[in-house]
Amino acid sequence: MQLDEIQAIFFQECEEGLAVIETNLAAARDADPDAETINTIFRGVHSIKGGAGAFGFEALQAFSHHLETVLDLVRTGERSPTPALIDLLFAAFDVLSDHVASAQSGGAAPDDAAVLERLEAVAKGENGPAPAPAAAAAPESEPEVAGDDGEPAEEAMDFDLDALLASIDLPAATAAPVDWRVTFHPARNAFDNGGDPLPLLRELEGLGGSAITIDQNDLPPLDSLAVEQCWIGWVYRVPGTVAREDIEAVFDFVIDISRVSIMPEDEAPALPAALHEAPVVVALPEPVADVPAAPAAPTPAPAPVAAPVAVAAAEPTPTPPPAASRAPAAAPAENAPSPTIRVELDKLDRLVNLVGELVITQAMLAQRLSLHGVGAIDELSALDHLTRELQDSAMSIRAQPVKSVFSRVPRIIRELEAGTGKRVRLEVEGEMTEVDKTVVERIGEPLTHMIRNAVDHGLEMPDERVALGKPAEGVVRLAAEHRSGRIVISVADDGKGIDRQRVKAKAVERGIIAPDAHLTDEEIENLIFAPGFSTAATVSNISGRGVGMDVVRKNVQALGGRIGISSRFGHGSTFTLTLPLTLAILDGMIVSVGTQTYVIPLAHVVESLRPEAGEVRAFGPDTGLLDVRGQYLPILRVGRLLNVADACSEASEAVLVVVETDAGQAILMVDAIQDQRQVVVKSLEANYAPVSGLAGATVLGDGRVALIIDVETLVQRNRAVSGRALAA
């Protein structure tokens, strides 16, 4: 594997680690953190620090080290996780994220001086009192010493220094430091991804360490031995002149997944007898000093082997432990995480495309057989079932929760709070809702604009909110859910809402609409999506340049989605993104309109019906209404809206398809219904050009190209036309 590939894996792991850190920091802010929460944050920072050191990202490594130091103090109870400290950890997390981004892009390191100063102050105990240590009886002769600032302690006692020194039993200056006992048991999967414990042993020997013995007690019987796993451990003696930190640094990358013990030799427990029954030789590329030699064998020793041997155990082999004690080591843990594998997105895309082509081929086969008079057969039904299962499996591989996008929002909120002086509480719901990876990746920018818009334009300043009888802290609610085969993401705030009169005045001022234009409330609200529109009085780094919401709408439309607004002046606004769950395959109803064939996404379809003569009520020159279970629904003539010349014009001779949209129910009038099947969505933007009212195209079983109707756009267009007609 090339170095750049390994480095890319490191940055992927950094993204995952940062997401875990932020999630646990948020949990620590909302409630008193438990030990596991703090340990999880610590491990995340520690992993980033270790990788940064391996790849030479010195600035990232240095900052991670300072943050890790503070987290270690919290973890050991020397510092309390007060709200002020949690806020500092959030600020440090933001800087850590910037360091990772700059290391990945090769740009300049961020300015971290201010946060580093605060972290160092906490590490020195200068940022509030540390938790009080447990009370212990101190010797009467122990004096008070000077404080950290160099001043004497408040109740310091006078004492005779010479007498004090004489009373202390100091060790001889020439006494040698006690050696270290280092025990290293690699993880069972230590050899995965090219891992190798031998370099760690070489580093120990580089510090002057020498092997004592090898722990083989975990070795299973030969018939159950998995040779790709690591079953042994090493016990080393390292000179006491080596600092403990230097020994810990050897195991920096594996400390979280291995068993490592470092203790003074005089405090270490006696080695089990089993470890002395089989003297061993640890053969490394360089000679190992002070390793107990293997006993002489009755036969001549084999010639030296050029390649390094990890462990050469002398006979006799120790007696394996009983089967009952070996079973837990061989069996996987019940709660062990499911194994995963990283796959390039291009490979997944090719898989999904091939599944799509398989769906088309299966439809063509069914069509061809039906033309030859072959009806439903078991094999064809089985093929249809397997094709659908394969498609579902392929799409589930690409699905991921929107949490990866939602996790960026807390930082955006914190930055906006600092930039605007507003107080914001973020509420998140449905972050585990799954959607296609492509959709997840492309909603990040629209979501960022919507959050910034909600805080900057929606929420009032704290004093203004209090004067209006609202809490000083504004609320921004971010939610995601599955609805009718689509994903709906909403951003709501409890701010001042949309001032329609001001919006209209600004649109007139900027020349977006004519001064005498008659607009419905919905059309006025939609003016905020016009390019160049902004109600900000001044230009700032947050808003005011007239870009943002128009970008949101374009990006959402490019995904085959739509955006809606619901606002009450003085009470807040809700922006709703409705997006497809996947951009590849959907269930559709095949319909005819004149000589053209269209597909209506089945997620919108409620029912289909044929009206009797006289049931349709005329409403204007081009629109009709039909009473469907006590509710009058507008009839949209698809042929007229899509300019199909030979489409049926009489509702009593057509088929009416009742559809559900965010704007309510409506009726699409088509000539006939042909079939219902899965279709593979082909992008019009990529292959032709975007067409209003159409969401894409597909290839049918007989080879014809059918256009997929964008139901939401057609309904919205009809509502706009009807609204203008009524206003006139």
# chains A, B, ... in the order shown; residues from 1 in each chain; ligands from 1

$ select_by_dssp --residues "segment 212-254 of chain A" --states "alpha helix (DSSP H)" --output "ChimeraX atom specification"
/A:244-250

$ residues_around --residues "Pro471 of chain A" --least-positions-apart "3" --cutoff "12 Å" --atoms "only C-alpha atoms" --output "list in words"
Lys422, Arg423, Val424, Arg425, Leu459, Glu460, Met461, Pro462, Asp463, Glu464, Arg465, Val466, Ala467, Leu468, Gly474, Val475, Asp494 and Gly495 of chain A

$ write_last_selection --atoms "all heavy atoms" --output "short mmCIF file (atom, residue, chain, number, x, y, z; two decimals), in the first residue's frame"
data_model
loop_
_atom_site.label_atom_id
_atom_site.label_comp_id
_atom_site.auth_asym_id
_atom_site.auth_seq_id
_atom_site.Cartn_x
_atom_site.Cartn_y
_atom_site.Cartn_z
N LYS A 422 -25.96 36.36 19.72
CA LYS A 422 -27.23 35.73 20.06
C LYS A 422 -26.99 34.43 20.83
O LYS A 422 -25.92 33.83 20.73
CB LYS A 422 -28.04 35.45 18.79
CG LYS A 422 -28.39 36.71 18.00
CD LYS A 422 -29.13 36.38 16.71
CE LYS A 422 -29.46 37.66 15.94
NZ LYS A 422 -30.17 37.39 14.67
N ARG A 423 -28.00 34.04 21.57
CA ARG A 423 -27.94 32.78 22.31
C ARG A 423 -28.86 31.78 21.63
O ARG A 423 -30.04 32.08 21.39
CB ARG A 423 -28.34 33.01 23.76
CG ARG A 423 -27.37 33.88 24.53
CD ARG A 423 -27.93 34.26 25.89
NE ARG A 423 -28.31 33.09 26.67
CZ ARG A 423 -28.99 33.15 27.81
NH1 ARG A 423 -29.36 34.32 28.30
NH2 ARG A 423 -29.30 32.03 28.46
N VAL A 424 -28.32 30.63 21.32
CA VAL A 424 -29.06 29.65 20.51
C VAL A 424 -29.00 28.28 21.17
O VAL A 424 -27.94 27.84 21.63
CB VAL A 424 -28.47 29.55 19.08
CG1 VAL A 424 -29.33 28.65 18.22
CG2 VAL A 424 -28.33 30.93 18.45
N ARG A 425 -30.14 27.63 21.23
CA ARG A 425 -30.19 26.23 21.66
C ARG A 425 -30.58 25.37 20.46
O ARG A 425 -31.60 25.62 19.82
CB ARG A 425 -31.20 26.04 22.79
CG ARG A 425 -31.23 24.58 23.30
CD ARG A 425 -32.13 24.38 24.50
NE ARG A 425 -33.53 24.21 24.12
CZ ARG A 425 -34.47 25.10 24.31
NH1 ARG A 425 -34.18 26.27 24.87
NH2 ARG A 425 -35.72 24.87 23.95
N LEU A 459 -33.68 34.60 14.30
CA LEU A 459 -33.68 34.82 15.74
C LEU A 459 -33.39 36.28 16.09
O LEU A 459 -32.57 36.94 15.45
CB LEU A 459 -32.66 33.91 16.42
CG LEU A 459 -32.89 32.40 16.29
CD1 LEU A 459 -31.80 31.64 17.04
CD2 LEU A 459 -34.26 32.01 16.79
N GLU A 460 -34.05 36.76 17.14
CA GLU A 460 -33.81 38.11 17.62
C GLU A 460 -32.66 38.12 18.62
O GLU A 460 -32.24 37.07 19.13
CB GLU A 460 -35.07 38.67 18.31
CG GLU A 460 -36.34 38.59 17.46
CD GLU A 460 -37.13 37.32 17.72
OE1 GLU A 460 -36.55 36.36 18.26
OE2 GLU A 460 -38.33 37.31 17.37
N MET A 461 -32.17 39.34 18.94
CA MET A 461 -31.16 39.48 19.98
C MET A 461 -31.79 39.15 21.33
O MET A 461 -33.00 39.28 21.52
CB MET A 461 -30.60 40.90 19.98
CG MET A 461 -29.86 41.27 18.71
SD MET A 461 -28.38 40.25 18.43
CE MET A 461 -27.34 40.81 19.77
N PRO A 462 -30.98 38.70 22.30
CA PRO A 462 -31.54 38.29 23.59
C PRO A 462 -32.42 39.34 24.26
O PRO A 462 -33.51 39.03 24.74
CB PRO A 462 -30.29 37.97 24.42
CG PRO A 462 -29.27 37.57 23.42
CD PRO A 462 -29.53 38.42 22.23
N ASP A 463 -31.97 40.61 24.30
CA ASP A 463 -32.77 41.64 24.96
C ASP A 463 -34.08 41.89 24.21
O ASP A 463 -35.13 42.15 24.82
CB ASP A 463 -31.98 42.93 25.09
CG ASP A 463 -31.40 43.40 23.76
OD1 ASP A 463 -31.49 42.64 22.78
OD2 ASP A 463 -30.86 44.52 23.71
N GLU A 464 -34.03 41.79 22.88
CA GLU A 464 -35.24 41.96 22.10
C GLU A 464 -36.23 40.82 22.35
O GLU A 464 -37.44 41.05 22.44
CB GLU A 464 -34.88 42.03 20.61
CG GLU A 464 -36.05 42.30 19.69
CD GLU A 464 -35.65 42.33 18.22
OE1 GLU A 464 -34.43 42.31 17.94
OE2 GLU A 464 -36.56 42.37 17.37
N ARG A 465 -35.72 39.61 22.48
CA ARG A 465 -36.60 38.48 22.75
C ARG A 465 -37.26 38.61 24.12
O ARG A 465 -38.45 38.32 24.28
CB ARG A 465 -35.79 37.17 22.68
CG ARG A 465 -35.33 36.79 21.28
CD ARG A 465 -34.52 35.49 21.29
NE ARG A 465 -35.32 34.37 21.78
CZ ARG A 465 -36.09 33.61 21.02
NH1 ARG A 465 -36.20 33.87 19.73
NH2 ARG A 465 -36.78 32.60 21.54
N VAL A 466 -36.47 39.05 25.11
CA VAL A 466 -37.04 39.23 26.45
C VAL A 466 -38.14 40.29 26.42
O VAL A 466 -39.20 40.13 27.05
CB VAL A 466 -35.93 39.61 27.45
CG1 VAL A 466 -36.53 40.00 28.80
CG2 VAL A 466 -34.94 38.46 27.62
N ALA A 467 -37.93 41.38 25.67
CA ALA A 467 -38.94 42.44 25.57
C ALA A 467 -40.21 41.93 24.91
O ALA A 467 -41.31 42.43 25.20
CB ALA A 467 -38.37 43.62 24.80
N LEU A 468 -40.09 40.93 24.04
CA LEU A 468 -41.26 40.36 23.37
C LEU A 468 -41.91 39.24 24.17
O LEU A 468 -42.88 38.62 23.70
CB LEU A 468 -40.85 39.82 21.99
CG LEU A 468 -40.41 40.86 20.96
CD1 LEU A 468 -39.83 40.18 19.73
CD2 LEU A 468 -41.58 41.76 20.56
N GLY A 474 -32.75 31.65 21.90
CA GLY A 474 -33.54 31.20 20.77
C GLY A 474 -33.36 29.72 20.51
O GLY A 474 -32.38 29.11 20.94
N VAL A 475 -34.31 29.14 19.80
CA VAL A 475 -34.28 27.71 19.52
C VAL A 475 -34.23 27.49 18.01
O VAL A 475 -35.03 28.07 17.26
CB VAL A 475 -35.52 26.98 20.10
CG1 VAL A 475 -35.50 25.51 19.73
CG2 VAL A 475 -35.56 27.15 21.61
N ASP A 494 -37.70 29.79 16.31
CA ASP A 494 -38.80 30.48 17.00
C ASP A 494 -38.56 31.99 17.02
O ASP A 494 -38.85 32.66 18.00
CB ASP A 494 -38.97 29.94 18.42
CG ASP A 494 -37.76 30.25 19.31
OD1 ASP A 494 -36.69 30.62 18.76
OD2 ASP A 494 -37.88 30.15 20.54
N GLY A 495 -38.02 32.49 15.90
CA GLY A 495 -37.68 33.91 15.80
C GLY A 495 -38.84 34.77 15.34
O GLY A 495 -40.01 34.50 15.62
#

$ closest_residue --among "A:Val182, A:Ala211, A:Ala19, A:Leu700" --to "Arg368 of chain A" --atoms "only C-alpha atoms"
A:Leu700

$ residues_around --residues "segment 632-648 of chain A" --least-positions-apart "5" --cutoff "7 Å" --atoms "only C-alpha atoms" --output "list in words"
Val593, Gly594, Thr623, Gly624, Leu625, Leu626, Asp627, Ala654, Gln665, Ala666, Ile667, Leu668, Met669, Val670 and Asp671 of chain A

$ residues_around --residues "Gly53 of chain A" --least-positions-apart "5" --cutoff "12 Å" --atoms "only C-alpha atoms" --output "ChimeraX atom specification"
/A:7,10,46-48,58-65,103,249,252-253

$ atom_distance --atom1 "atom CA of Asp72 of chain A" --atom2 "atom CA of Ser97 of chain A"
19.5 Å

$ atom_distance --atom1 "atom CA of Val122 of chain A" --atom2 "atom CA of Arg244 of chain A"
23.5 Å

$ residues_around --residues "segment 185-200 of chain A" --least-positions-apart "2" --cutoff "6 Å" --atoms "only C-alpha atoms" --output "number ranges by chain"
A: 202-203, 229-230, 233, 257-259

$ write_last_selection --atoms "all heavy atoms" --output "mmCIF file, in the first residue's frame"
data_model
loop_
_atom_site.group_PDB
_atom_site.id
_atom_site.type_symbol
_atom_site.label_atom_id
_atom_site.label_comp_id
_atom_site.auth_asym_id
_atom_site.auth_seq_id
_atom_site.Cartn_x
_atom_site.Cartn_y
_atom_site.Cartn_z
ATOM 1 N N ARG A 202 11.627 -4.033 18.727
ATOM 2 C CA ARG A 202 12.917 -3.431 18.340
ATOM 3 C C ARG A 202 13.102 -2.085 19.041
ATOM 4 O O ARG A 202 14.209 -1.731 19.458
ATOM 5 C CB ARG A 202 12.984 -3.255 16.827
ATOM 6 C CG ARG A 202 12.982 -4.555 16.034
ATOM 7 C CD ARG A 202 13.314 -4.304 14.573
ATOM 8 N NE ARG A 202 13.103 -5.493 13.777
ATOM 9 C CZ ARG A 202 12.037 -5.708 13.009
ATOM 10 N NH1 ARG A 202 11.093 -4.795 12.942
ATOM 11 N NH2 ARG A 202 11.924 -6.821 12.317
ATOM 12 N N GLU A 203 12.003 -1.322 19.127
ATOM 13 C CA GLU A 203 12.112 -0.032 19.807
ATOM 14 C C GLU A 203 12.433 -0.213 21.279
ATOM 15 O O GLU A 203 13.209 0.559 21.861
ATOM 16 C CB GLU A 203 10.803 0.752 19.645
ATOM 17 C CG GLU A 203 10.566 1.280 18.245
ATOM 18 C CD GLU A 203 9.437 2.300 18.218
ATOM 19 O OE1 GLU A 203 9.410 3.179 19.103
ATOM 20 O OE2 GLU A 203 8.578 2.206 17.321
ATOM 21 N N GLN A 229 -3.778 -14.964 13.639
ATOM 22 C CA GLN A 229 -3.991 -14.194 14.850
ATOM 23 C C GLN A 229 -2.786 -14.297 15.769
ATOM 24 O O GLN A 229 -1.962 -15.202 15.658
ATOM 25 C CB GLN A 229 -5.251 -14.675 15.578
ATOM 26 C CG GLN A 229 -6.527 -14.453 14.785
ATOM 27 C CD GLN A 229 -7.762 -14.907 15.551
ATOM 28 O OE1 GLN A 229 -7.663 -15.695 16.485
ATOM 29 N NE2 GLN A 229 -8.923 -14.428 15.139
ATOM 30 N N CYS A 230 -2.676 -13.337 16.677
ATOM 31 C CA CYS A 230 -1.538 -13.295 17.598
ATOM 32 C C CYS A 230 -1.970 -13.877 18.937
ATOM 33 O O CYS A 230 -2.931 -13.383 19.549
ATOM 34 C CB CYS A 230 -1.059 -11.857 17.767
ATOM 35 S SG CYS A 230 0.446 -11.723 18.762
ATOM 36 N N GLY A 233 2.439 -13.227 24.153
ATOM 37 C CA GLY A 233 2.832 -11.930 24.689
ATOM 38 C C GLY A 233 4.298 -11.960 25.081
ATOM 39 O O GLY A 233 4.916 -13.033 25.180
ATOM 40 N N ILE A 257 -5.701 -0.952 21.954
ATOM 41 C CA ILE A 257 -6.182 -2.256 21.502
ATOM 42 C C ILE A 257 -5.309 -3.406 22.005
ATOM 43 O O ILE A 257 -5.538 -4.553 21.639
ATOM 44 C CB ILE A 257 -6.248 -2.303 19.963
ATOM 45 C CG1 ILE A 257 -4.861 -2.029 19.347
ATOM 46 C CG2 ILE A 257 -7.264 -1.309 19.429
ATOM 47 C CD1 ILE A 257 -4.810 -2.186 17.853
ATOM 48 N N SER A 258 -4.308 -3.102 22.834
ATOM 49 C CA SER A 258 -3.415 -4.138 23.348
ATOM 50 C C SER A 258 -3.378 -4.060 24.870
ATOM 51 O O SER A 258 -3.821 -3.086 25.477
ATOM 52 C CB SER A 258 -1.996 -3.964 22.784
ATOM 53 O OG SER A 258 -2.000 -3.991 21.374
ATOM 54 N N ARG A 259 -2.833 -5.109 25.462
ATOM 55 C CA ARG A 259 -2.611 -5.109 26.907
ATOM 56 C C ARG A 259 -1.146 -4.762 27.154
ATOM 57 O O ARG A 259 -0.251 -5.533 26.782
ATOM 58 C CB ARG A 259 -2.961 -6.465 27.501
ATOM 59 C CG ARG A 259 -4.457 -6.738 27.583
ATOM 60 C CD ARG A 259 -4.715 -8.089 28.230
ATOM 61 N NE ARG A 259 -4.282 -9.181 27.358
ATOM 62 C CZ ARG A 259 -3.952 -10.391 27.774
ATOM 63 N NH1 ARG A 259 -3.960 -10.668 29.066
ATOM 64 N NH2 ARG A 259 -3.588 -11.324 26.915
#

$ residues_around --residues "Leu586 of chain A" --least-positions-apart "5" --cutoff "10 Å" --atoms "only C-alpha atoms" --output "PyMOL selection string"
chain A and resi 485+580-581+600-603+677-681

$ write_last_selection --atoms "N, CA and C atoms" --output "mmCIF file, in the first residue's frame"
data_model
loop_
_atom_site.group_PDB
_atom_site.id
_atom_site.type_symbol
_atom_site.label_atom_id
_atom_site.label_comp_id
_atom_site.auth_asym_id
_atom_site.auth_seq_id
_atom_site.Cartn_x
_atom_site.Cartn_y
_atom_site.Cartn_z
ATOM 1 N N GLY A 485 -41.672 7.787 0.978
ATOM 2 C CA GLY A 485 -40.583 7.372 0.118
ATOM 3 C C GLY A 485 -39.544 8.441 -0.138
ATOM 4 N N PRO A 580 -35.156 12.967 -2.547
ATOM 5 C CA PRO A 580 -35.308 11.526 -2.798
ATOM 6 C C PRO A 580 -34.373 10.727 -1.903
ATOM 7 N N LEU A 581 -34.814 9.552 -1.489
ATOM 8 C CA LEU A 581 -33.959 8.689 -0.677
ATOM 9 C C LEU A 581 -32.756 8.203 -1.474
ATOM 10 N N ILE A 600 -44.909 8.206 -13.148
ATOM 11 C CA ILE A 600 -45.265 8.940 -11.935
ATOM 12 C C ILE A 600 -44.671 8.183 -10.756
ATOM 13 N N PRO A 601 -43.776 8.809 -9.957
ATOM 14 C CA PRO A 601 -43.207 8.110 -8.796
ATOM 15 C C PRO A 601 -44.306 7.573 -7.885
ATOM 16 N N LEU A 602 -44.226 6.295 -7.588
ATOM 17 C CA LEU A 602 -45.287 5.643 -6.834
ATOM 18 C C LEU A 602 -45.417 6.204 -5.418
ATOM 19 N N ALA A 603 -44.359 6.816 -4.905
ATOM 20 C CA ALA A 603 -44.420 7.379 -3.559
ATOM 21 C C ALA A 603 -45.453 8.482 -3.458
ATOM 22 N N ARG A 677 -43.870 -0.623 -12.098
ATOM 23 C CA ARG A 677 -42.610 -1.358 -12.006
ATOM 24 C C ARG A 677 -41.508 -0.455 -11.470
ATOM 25 N N GLN A 678 -40.378 -1.080 -11.142
ATOM 26 C CA GLN A 678 -39.192 -0.321 -10.760
ATOM 27 C C GLN A 678 -38.528 0.239 -12.011
ATOM 28 N N VAL A 679 -38.030 1.458 -11.900
ATOM 29 C CA VAL A 679 -37.326 2.066 -13.021
ATOM 30 C C VAL A 679 -35.999 2.619 -12.529
ATOM 31 N N VAL A 680 -35.037 2.639 -13.421
ATOM 32 C CA VAL A 680 -33.717 3.181 -13.128
ATOM 33 C C VAL A 680 -33.684 4.637 -13.569
ATOM 34 N N VAL A 681 -33.384 5.522 -12.637
ATOM 35 C CA VAL A 681 -33.419 6.958 -12.917
ATOM 36 C C VAL A 681 -32.136 7.373 -13.625
#

$ residues_around --residues "Glu13 of chain A" --least-positions-apart "3" --cutoff "12 Å" --atoms "only C-alpha atoms" --output "number ranges by chain"
A: 6-10, 16-20, 44-45, 47-52, 100, 342

$ atom_distance --atom1 "atom CA of Pro220 of chain A" --atom2 "atom CA of Val260 of chain A"
21.4 Å

$ decode --residues "segment 446-465 of chain A" --atoms "N, CA, C and O atoms" --output "tab-separated table (two decimals), in the first residue's frame"
chain	number	residue	atom	x	y	z
A	446	PRO	N	-26.42	23.32	1.36
A	446	PRO	CA	-27.74	23.91	1.59
A	446	PRO	C	-28.10	23.98	3.07
A	446	PRO	O	-28.66	24.97	3.53
A	447	LEU	N	-27.75	22.94	3.81
A	447	LEU	CA	-28.09	22.94	5.24
A	447	LEU	C	-27.34	24.03	5.99
A	447	LEU	O	-27.89	24.69	6.87
A	448	THR	N	-26.08	24.24	5.62
A	448	THR	CA	-25.30	25.31	6.26
A	448	THR	C	-25.93	26.66	6.02
A	448	THR	O	-26.07	27.48	6.94
A	449	HIS	N	-26.34	26.94	4.78
A	449	HIS	CA	-26.99	28.22	4.47
A	449	HIS	C	-28.28	28.38	5.27
A	449	HIS	O	-28.59	29.48	5.77
A	450	MET	N	-29.05	27.32	5.39
A	450	MET	CA	-30.32	27.42	6.10
A	450	MET	C	-30.12	27.69	7.59
A	450	MET	O	-30.86	28.46	8.20
A	451	ILE	N	-29.12	27.04	8.18
A	451	ILE	CA	-28.83	27.28	9.60
A	451	ILE	C	-28.36	28.72	9.81
A	451	ILE	O	-28.82	29.41	10.75
A	452	ARG	N	-27.47	29.19	8.97
A	452	ARG	CA	-27.00	30.58	9.10
A	452	ARG	C	-28.14	31.56	8.91
A	452	ARG	O	-28.23	32.58	9.60
A	453	ASN	N	-29.03	31.27	7.98
A	453	ASN	CA	-30.17	32.14	7.73
A	453	ASN	C	-31.11	32.16	8.95
A	453	ASN	O	-31.62	33.22	9.33
A	454	ALA	N	-31.32	30.98	9.56
A	454	ALA	CA	-32.21	30.91	10.72
A	454	ALA	C	-31.68	31.71	11.89
A	454	ALA	O	-32.44	32.41	12.58
A	455	VAL	N	-30.37	31.64	12.14
A	455	VAL	CA	-29.79	32.36	13.28
A	455	VAL	C	-29.65	33.84	12.98
A	455	VAL	O	-30.03	34.70	13.80
A	456	ASP	N	-29.13	34.18	11.81
A	456	ASP	CA	-28.84	35.58	11.51
A	456	ASP	C	-30.11	36.39	11.21
A	456	ASP	O	-30.28	37.50	11.72
A	457	HIS	N	-31.01	35.84	10.41
A	457	HIS	CA	-32.22	36.57	10.02
A	457	HIS	C	-33.43	36.22	10.87
A	457	HIS	O	-34.32	37.05	11.05
A	458	GLY	N	-33.48	34.98	11.38
A	458	GLY	CA	-34.68	34.55	12.09
A	458	GLY	C	-34.72	34.95	13.55
A	458	GLY	O	-35.67	35.57	14.01
A	459	LEU	N	-33.68	34.60	14.30
A	459	LEU	CA	-33.68	34.82	15.74
A	459	LEU	C	-33.39	36.28	16.09
A	459	LEU	O	-32.57	36.94	15.45
A	460	GLU	N	-34.05	36.76	17.14
A	460	GLU	CA	-33.81	38.11	17.62
A	460	GLU	C	-32.66	38.12	18.62
A	460	GLU	O	-32.24	37.07	19.13
A	461	MET	N	-32.17	39.34	18.94
A	461	MET	CA	-31.16	39.48	19.98
A	461	MET	C	-31.79	39.15	21.33
A	461	MET	O	-33.00	39.28	21.52
A	462	PRO	N	-30.98	38.70	22.30
A	462	PRO	CA	-31.54	38.29	23.59
A	462	PRO	C	-32.42	39.34	24.26
A	462	PRO	O	-33.51	39.03	24.74
A	463	ASP	N	-31.97	40.61	24.30
A	463	ASP	CA	-32.77	41.64	24.96
A	463	ASP	C	-34.08	41.89	24.21
A	463	ASP	O	-35.13	42.15	24.82
A	464	GLU	N	-34.03	41.79	22.88
A	464	GLU	CA	-35.24	41.96	22.10
A	464	GLU	C	-36.23	40.82	22.35
A	464	GLU	O	-37.44	41.05	22.44
A	465	ARG	N	-35.72	39.61	22.48
A	465	ARG	CA	-36.60	38.48	22.75
A	465	ARG	C	-37.26	38.61	24.12
A	465	ARG	O	-38.45	38.32	24.28
